[in-house]
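These notes are about the structure you will find just below.
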Amino acid sequence: MAKPNGPLLAIGCEGSANKLGIGIISHDPSTGKTAVLANIRHTFVSPPGTGFLPKDTARHHRAFFARLAKSALADAGVSDPSAQLCCVCYTKGPGMGAPLQSVAVAARTLALMWDLPLVGVNHCVGHIEMGREITGAGNPVVLYVSGGNTQVIAYAERRYRIFGETLDIAVGNCLDRFARTLEISNDPAPGYNIELLARRSGGRVLLDLPYAVKGMDCSFSGILSAAELLAAQMKEQEAKIARGEEVREEDRFTPEDLCFSLQETVFAMLVEITERAMAHVGSNQVLIVGGVGCNERLQEMMGQMAKERGGSVYATDERFCIDNGIMIAHAGLLAYETGFRTPLEESTCTQRFRTDEVYVKWRD
């Protein structure tokens, strides 16, 4: 049990998309050290060729919330939450409406049951703060890449300022939707399975795809449409071969070639806009956060660019890149320590909650 002057503990509840995460974190004000006490996640996986619907995802979160919360408390050694925890943190947004609502209701229930204050957290800020904590990055340019967001961010005057972003769909959504086109498995994640197929290509063929960068913004919908057309051509080639018709060897390409070409193109775009932001703010550090940030090829390409600029890249593994409860607990506890609270009557959630709307009082 924590003493009044001892470490501060918080529980974080994340469910903005198909991952349900519960995490418990400890901040020690006397030493400034942070400890991850529990970080548990369960993913709703839909069949190959399909996405995850909000109503099905929300049903999954409601079904698994209690057991994940109990497991997190057990892992953290918390036997009396009302006495040992400082607050209950939850994802306020952005994200999918129904899953967000299901977790917000559960978080309110915990807060009422344990008589603890609520702290609503911006999902994007959670990613950034957890990435900074784990990697030790000081004041980096942040590339936030996930299924729902693509942003290039830098901190200034207590806001995480957005310097560039997608003009249409997120890069993770582009990869996920292309995985559906090829009917690639969603287990453990479609983007990860695209990465594995791209590796198997060995860079044999780089197919021509649109490259859409406008300043520090980018666009992925046209690339996705072009990749889907190529996938249709590939399937027609396979049908011709099955009928015994001839297809020239130089015209043939495989799912591996498509995945490699898509990855190389969209990641080159991300590297370009990140480098432009680094030059603009005078930074030599890049922090990659969000689910797509797990991709080793993206980390490699970003690392090469940063090295040429005399800089460095910071990234985390799947425990912290992919949506998780510990990042919500961490960002929420940072806000709690500055006096921030979310009154019960204001403990709503929203599908649209921009990164730069948050006042970052805990940073200088």
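Here's how to read the names in the structure tokens: chain A, B, ... by the order shown, residue numbers from 1 in each chain, ligand numbers from 1 in the order shown.
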**Message:** Excluding Cys321 in chain A and its own-chain neighbours fewer than 2 positions away, which residues fall within 9 Å of it when counting only C-alpha atoms? Please give them as an MDAnalysis selection string.
**Reply:** chainID A and resid 127 130:131 288:294 315:319 323:324
**Item:** alpha helix (DSSP H) call set, DSSP backbone run, range 122-301 of chain A, as number ranges by chain
**Value:** A: 123-135, 171-181, 190-201, 221-242, 255-281, 296-301
**Item:** Contact residues around Ala38 in chain A with only C-alpha atoms at 12 Å, ignoring same-chain residues under 6 positions, as a list of chain:residue names
**Value:**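 Once the adjacent positions are removed, what remains is A:Leu9, A:Ala10, A:Ile11, A:Gly12, A:Cys13, A:Gly21, A:Ile22, A:Gly23, A:Ile24, A:Ile25, A:Ser26, A:Leu68, A:Ala69, A:Lys70, A:Ser71, A:Ala72, A:Leu73, A:Ala74, A:Asp75, A:Ala76, A:Gly77, A:Val78, A:Arg319, A:Asn324, A:Gly325, A:Ile326, A:Met327, A:Ala329, A:His330.
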Residues of the last selection are to be written out with N, CA and C atoms, as a short mmCIF file (atom, residue, chain, number, x, y, z; two decimals), in the first residue's frame.
data_model
loop_
_atom_site.label_atom_id
_atom_site.label_comp_id
_atom_site.auth_asym_id
_atom_site.auth_seq_id
_atom_site.Cartn_x
_atom_site.Cartn_y
_atom_site.Cartn_z
N LEU A 9 0.21 5.70 -7.94
CA LEU A 9 -0.20 4.62 -8.85
C LEU A 9 -1.48 5.03 -9.58
N ALA A 10 -1.56 4.65 -10.85
CA ALA A 10 -2.77 4.92 -11.63
C ALA A 10 -3.05 3.73 -12.53
N ILE A 11 -4.33 3.51 -12.80
CA ILE A 11 -4.74 2.48 -13.75
C ILE A 11 -5.21 3.17 -15.02
N GLY A 12 -4.84 2.62 -16.17
CA GLY A 12 -5.21 3.19 -17.46
C GLY A 12 -6.03 2.21 -18.26
N CYS A 13 -7.08 2.71 -18.91
CA CYS A 13 -8.01 1.87 -19.68
C CYS A 13 -8.04 2.37 -21.12
N GLY A 21 -6.80 -2.56 -23.63
CA GLY A 21 -5.60 -2.59 -22.79
C GLY A 21 -5.87 -2.02 -21.41
N ILE A 22 -5.34 -2.70 -20.40
CA ILE A 22 -5.39 -2.20 -19.02
C ILE A 22 -3.96 -2.17 -18.49
N GLY A 23 -3.54 -1.04 -17.97
CA GLY A 23 -2.18 -0.91 -17.45
C GLY A 23 -2.17 -0.20 -16.11
N ILE A 24 -1.20 -0.52 -15.30
CA ILE A 24 -1.01 0.16 -14.01
C ILE A 24 0.43 0.65 -13.93
N ILE A 25 0.59 1.93 -13.61
CA ILE A 25 1.91 2.55 -13.60
C ILE A 25 2.18 3.21 -12.26
N SER A 26 3.46 3.36 -11.95
CA SER A 26 3.87 4.00 -10.71
C SER A 26 4.82 5.15 -11.02
N LEU A 68 -9.51 -8.53 -17.66
CA LEU A 68 -8.23 -7.85 -17.85
C LEU A 68 -7.91 -6.95 -16.66
N ALA A 69 -8.93 -6.26 -16.14
CA ALA A 69 -8.70 -5.38 -14.99
C ALA A 69 -8.25 -6.20 -13.78
N LYS A 70 -8.89 -7.34 -13.55
CA LYS A 70 -8.50 -8.20 -12.43
C LYS A 70 -7.07 -8.71 -12.60
N SER A 71 -6.71 -9.09 -13.82
CA SER A 71 -5.35 -9.58 -14.07
C SER A 71 -4.32 -8.48 -13.86
N ALA A 72 -4.65 -7.25 -14.29
CA ALA A 72 -3.72 -6.13 -14.12
C ALA A 72 -3.51 -5.83 -12.63
N LEU A 73 -4.59 -5.82 -11.87
CA LEU A 73 -4.47 -5.57 -10.43
C LEU A 73 -3.62 -6.64 -9.76
N ALA A 74 -3.82 -7.90 -10.17
CA ALA A 74 -3.03 -8.99 -9.60
C ALA A 74 -1.56 -8.86 -9.96
N ASP A 75 -1.27 -8.54 -11.23
CA ASP A 75 0.13 -8.38 -11.66
C ASP A 75 0.82 -7.24 -10.92
N ALA A 76 0.07 -6.18 -10.63
CA ALA A 76 0.66 -5.01 -9.98
C ALA A 76 0.71 -5.16 -8.46
N GLY A 77 0.10 -6.21 -7.95
CA GLY A 77 0.07 -6.40 -6.50
C GLY A 77 -0.84 -5.41 -5.80
N VAL A 78 -1.88 -4.96 -6.49
CA VAL A 78 -2.83 -4.01 -5.92
C VAL A 78 -4.02 -4.79 -5.36
N ARG A 319 5.07 -3.94 -27.18
CA ARG A 319 4.44 -3.74 -25.88
C ARG A 319 3.94 -2.31 -25.70
N ASN A 324 -2.17 0.42 -25.90
CA ASN A 324 -2.04 -0.26 -24.61
C ASN A 324 -2.57 0.62 -23.49
N GLY A 325 -2.87 0.00 -22.37
CA GLY A 325 -3.42 0.74 -21.24
C GLY A 325 -2.38 1.50 -20.46
N ILE A 326 -1.12 1.05 -20.52
CA ILE A 326 -0.09 1.69 -19.70
C ILE A 326 0.20 3.10 -20.18
N MET A 327 0.08 3.35 -21.49
CA MET A 327 0.34 4.71 -21.98
C MET A 327 -0.75 5.67 -21.50
N ALA A 329 -2.43 5.26 -18.64
CA ALA A 329 -2.14 5.44 -17.22
C ALA A 329 -1.01 6.47 -17.03
N HIS A 330 0.02 6.37 -17.86
CA HIS A 330 1.19 7.25 -17.73
C HIS A 330 0.82 8.70 -18.04
#
**Request:** Can you pull out every residue within 7 Å of range 204-207 of chain A, counting only C-alpha atoms, but drop anything in the same chain fewer than 2 positions away, and send it as a VMD selection string?
**Result:** chain A and resid 201 to 202 209 257 261
Just the selected residues (C-alpha atoms), exported as a CSV table (one decimal), in the first residue's frame, please.
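Here's the written file selection_16.csv:
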chain,number,residue,atom,x,y,z
A,201,SER,CA,10.0,-10.3,-51.6
A,202,GLY,CA,13.7,-9.5,-51.1
A,209,LEU,CA,2.8,3.5,-57.2
A,257,ASP,CA,6.1,-7.9,-54.5
A,261,SER,CA,6.2,-1.9,-53.1
**Message:** Which residues are close to Leu298 in chain A, i.e. within 9 Å by only C-alpha atoms, leaving aside same-chain residues fewer than 2 positions away? Reply as an NGL selection string.
**Reply:** :A and (263-264 or 267-268 or 270-271 or 292-296 or 300-303)
Selection near Glu195 in chain A, 9 Å with only C-alpha atoms, sequence-local residues under 4 positions removed, as a JSON list (two decimals) with all heavy atoms, in the first residue's frame:
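Contents of out_37.json, freshly written:
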[["chain", "number", "residue", "atom", "x", "y", "z"],
["A", 190, "PRO", "N", -2.83, -7.17, -39.39],
["A", 190, "PRO", "CA", -2.63, -7.19, -40.85],
["A", 190, "PRO", "C", -1.35, -6.49, -41.30],
["A", 190, "PRO", "O", -0.66, -6.96, -42.20],
["A", 190, "PRO", "CB", -3.88, -6.48, -41.39],
["A", 190, "PRO", "CG", -4.44, -5.74, -40.22],
["A", 190, "PRO", "CD", -4.08, -6.52, -39.01],
["A", 191, "GLY", "N", -1.02, -5.37, -40.64],
["A", 191, "GLY", "CA", 0.20, -4.65, -41.02],
["A", 191, "GLY", "C", 1.45, -5.48, -40.77],
["A", 191, "GLY", "O", 2.40, -5.43, -41.56],
["A", 199, "ARG", "N", 9.21, -8.71, -46.59],
["A", 199, "ARG", "CA", 10.57, -9.24, -46.38],
["A", 199, "ARG", "C", 10.86, -10.39, -47.33],
["A", 199, "ARG", "O", 11.98, -10.53, -47.84],
["A", 199, "ARG", "CB", 10.71, -9.73, -44.94],
["A", 199, "ARG", "CG", 10.81, -8.64, -43.90],
["A", 199, "ARG", "CD", 10.99, -9.27, -42.53],
["A", 199, "ARG", "NE", 10.67, -8.36, -41.45],
["A", 199, "ARG", "CZ", 10.52, -8.72, -40.19],
["A", 199, "ARG", "NH1", 10.62, -10.01, -39.86],
["A", 199, "ARG", "NH2", 10.24, -7.83, -39.25],
["A", 200, "ARG", "N", 9.87, -11.23, -47.54],
["A", 200, "ARG", "CA", 10.07, -12.40, -48.41],
["A", 200, "ARG", "C", 10.26, -12.01, -49.87],
["A", 200, "ARG", "O", 10.79, -12.80, -50.66],
["A", 200, "ARG", "CB", 8.88, -13.34, -48.27],
["A", 200, "ARG", "CG", 8.92, -14.16, -46.98],
["A", 200, "ARG", "CD", 7.59, -14.75, -46.57],
["A", 200, "ARG", "NE", 6.90, -15.42, -47.64],
["A", 200, "ARG", "CZ", 5.68, -15.96, -47.50],
["A", 200, "ARG", "NH1", 5.05, -15.88, -46.34],
["A", 200, "ARG", "NH2", 5.10, -16.56, -48.52],
["A", 259, "CYS", "N", 3.28, -6.14, -51.52],
["A", 259, "CYS", "CA", 3.48, -5.67, -50.15],
["A", 259, "CYS", "C", 4.78, -4.88, -50.02],
["A", 259, "CYS", "O", 4.82, -3.83, -49.36],
["A", 259, "CYS", "CB", 3.48, -6.86, -49.18],
["A", 259, "CYS", "SG", 1.86, -7.65, -49.01],
["A", 260, "PHE", "N", 5.84, -5.37, -50.65],
["A", 260, "PHE", "CA", 7.12, -4.67, -50.62],
["A", 260, "PHE", "C", 6.98, -3.28, -51.25],
["A", 260, "PHE", "O", 7.45, -2.27, -50.69],
["A", 260, "PHE", "CB", 8.18, -5.48, -51.36],
["A", 260, "PHE", "CG", 9.48, -4.75, -51.56],
["A", 260, "PHE", "CD1", 10.39, -4.63, -50.52],
["A", 260, "PHE", "CD2", 9.79, -4.18, -52.79],
["A", 260, "PHE", "CE1", 11.59, -3.95, -50.70],
["A", 260, "PHE", "CE2", 10.98, -3.49, -52.98],
["A", 260, "PHE", "CZ", 11.89, -3.38, -51.93],
["A", 263, "GLN", "N", 4.86, -0.86, -49.04],
["A", 263, "GLN", "CA", 5.64, -0.44, -47.87],
["A", 263, "GLN", "C", 6.70, 0.58, -48.23],
["A", 263, "GLN", "O", 6.84, 1.63, -47.60],
["A", 263, "GLN", "CB", 6.32, -1.65, -47.22],
["A", 263, "GLN", "CG", 5.56, -2.29, -46.12],
["A", 263, "GLN", "CD", 6.43, -3.13, -45.19],
["A", 263, "GLN", "OE1", 5.94, -3.63, -44.22],
["A", 263, "GLN", "NE2", 7.71, -3.28, -45.45],
["A", 295, "ASN", "N", 7.01, -1.45, -37.21],
["A", 295, "ASN", "CA", 7.55, -1.98, -38.45],
["A", 295, "ASN", "C", 9.06, -1.73, -38.54],
["A", 295, "ASN", "O", 9.52, -0.59, -38.51],
["A", 295, "ASN", "CB", 6.84, -1.35, -39.64],
["A", 295, "ASN", "CG", 7.18, -2.03, -40.95],
["A", 295, "ASN", "OD1", 8.31, -1.99, -41.41],
["A", 295, "ASN", "ND2", 6.18, -2.66, -41.55],
["A", 296, "GLU", "N", 9.82, -2.81, -38.64],
["A", 296, "GLU", "CA", 11.28, -2.69, -38.63],
["A", 296, "GLU", "C", 11.82, -2.02, -39.88],
["A", 296, "GLU", "O", 12.86, -1.37, -39.85],
["A", 296, "GLU", "CB", 11.90, -4.08, -38.45],
["A", 296, "GLU", "CG", 11.64, -4.67, -37.06],
["A", 296, "GLU", "CD", 12.29, -6.02, -36.87],
["A", 296, "GLU", "OE1", 13.02, -6.47, -37.79],
["A", 296, "GLU", "OE2", 12.06, -6.64, -35.82],
["A", 297, "ARG", "N", 11.11, -2.18, -41.00],
["A", 297, "ARG", "CA", 11.56, -1.52, -42.23],
["A", 297, "ARG", "C", 11.40, -0.01, -42.12],
["A", 297, "ARG", "O", 12.29, 0.75, -42.55],
["A", 297, "ARG", "CB", 10.78, -2.06, -43.44],
["A", 297, "ARG", "CG", 11.15, -1.40, -44.77],
["A", 297, "ARG", "CD", 12.63, -1.50, -45.08],
["A", 297, "ARG", "NE", 12.97, -0.86, -46.34],
["A", 297, "ARG", "CZ", 14.16, -0.38, -46.64],
["A", 297, "ARG", "NH1", 15.16, -0.48, -45.77],
["A", 297, "ARG", "NH2", 14.38, 0.19, -47.80]]
**Message:** Would you pick out the contacts of Ala277 in chain A at 10 Å or less, using only C-alpha atoms, so that residues sharing its chain but fewer than 5 positions from it are not included, and give the list as number ranges by chain?
**Reply:** A: 141-143, 152-154, 162-164, 215-216, 271-272, 282-283, 286
**Asked** Between A:Val88, A:Val213, A:Val121, A:Ala156, which is the closest to Arg363 in chain A once you count only C-alpha atoms?
**Response** A:Ala156
**Asked** Looking at A:Lys55, A:Glu14, A:Pro81, A:Asp217, which one is nearest to Ala106 in chain A, with distances taken over only C-alpha atoms?
**Response**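 Between A:Lys55, A:Glu14, A:Pro81, A:Asp217, the residue approaching Ala106 in chain A most closely is A:Glu14.
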**Asked** Could you work out how far CA of Leu182 in chain A lies from CA of Ser221 in chain A, giving the answer in Å with one decimal?
**Response**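 It comes out at 16.7 Å.
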**Message:** Report, in Å to a single decimal, how far apart CA of Ser46 in chain A and CA of Ala58 in chain A are.
**Reply:**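 Going from CA of Ala58 in chain A over to CA of Ser46 in chain A covers 13.0 Å.
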**Request:** May I ask for the distance between CA of Leu20 in chain A and CA of Arg41 in chain A, given in Å to one decimal place?
**Result:** 5.6 Å
**Prompt:** Looking at only C-alpha atoms, which of A:Val313, A:Cys174, A:Leu229, A:Met113 is the one that sits closest to Leu287 in chain A?
**Reply:**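 For Leu287 in chain A, the nearest of the candidates is A:Val313.
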**Request:** Determine the nearest neighbour of Ala17 in chain A from the options A:Ala227, A:Asn173, A:Ser185, A:Val125, counting only C-alpha atoms.
**Result:**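 Looking at the shortest contact to Ala17 in chain A, the residue is A:Asn173.
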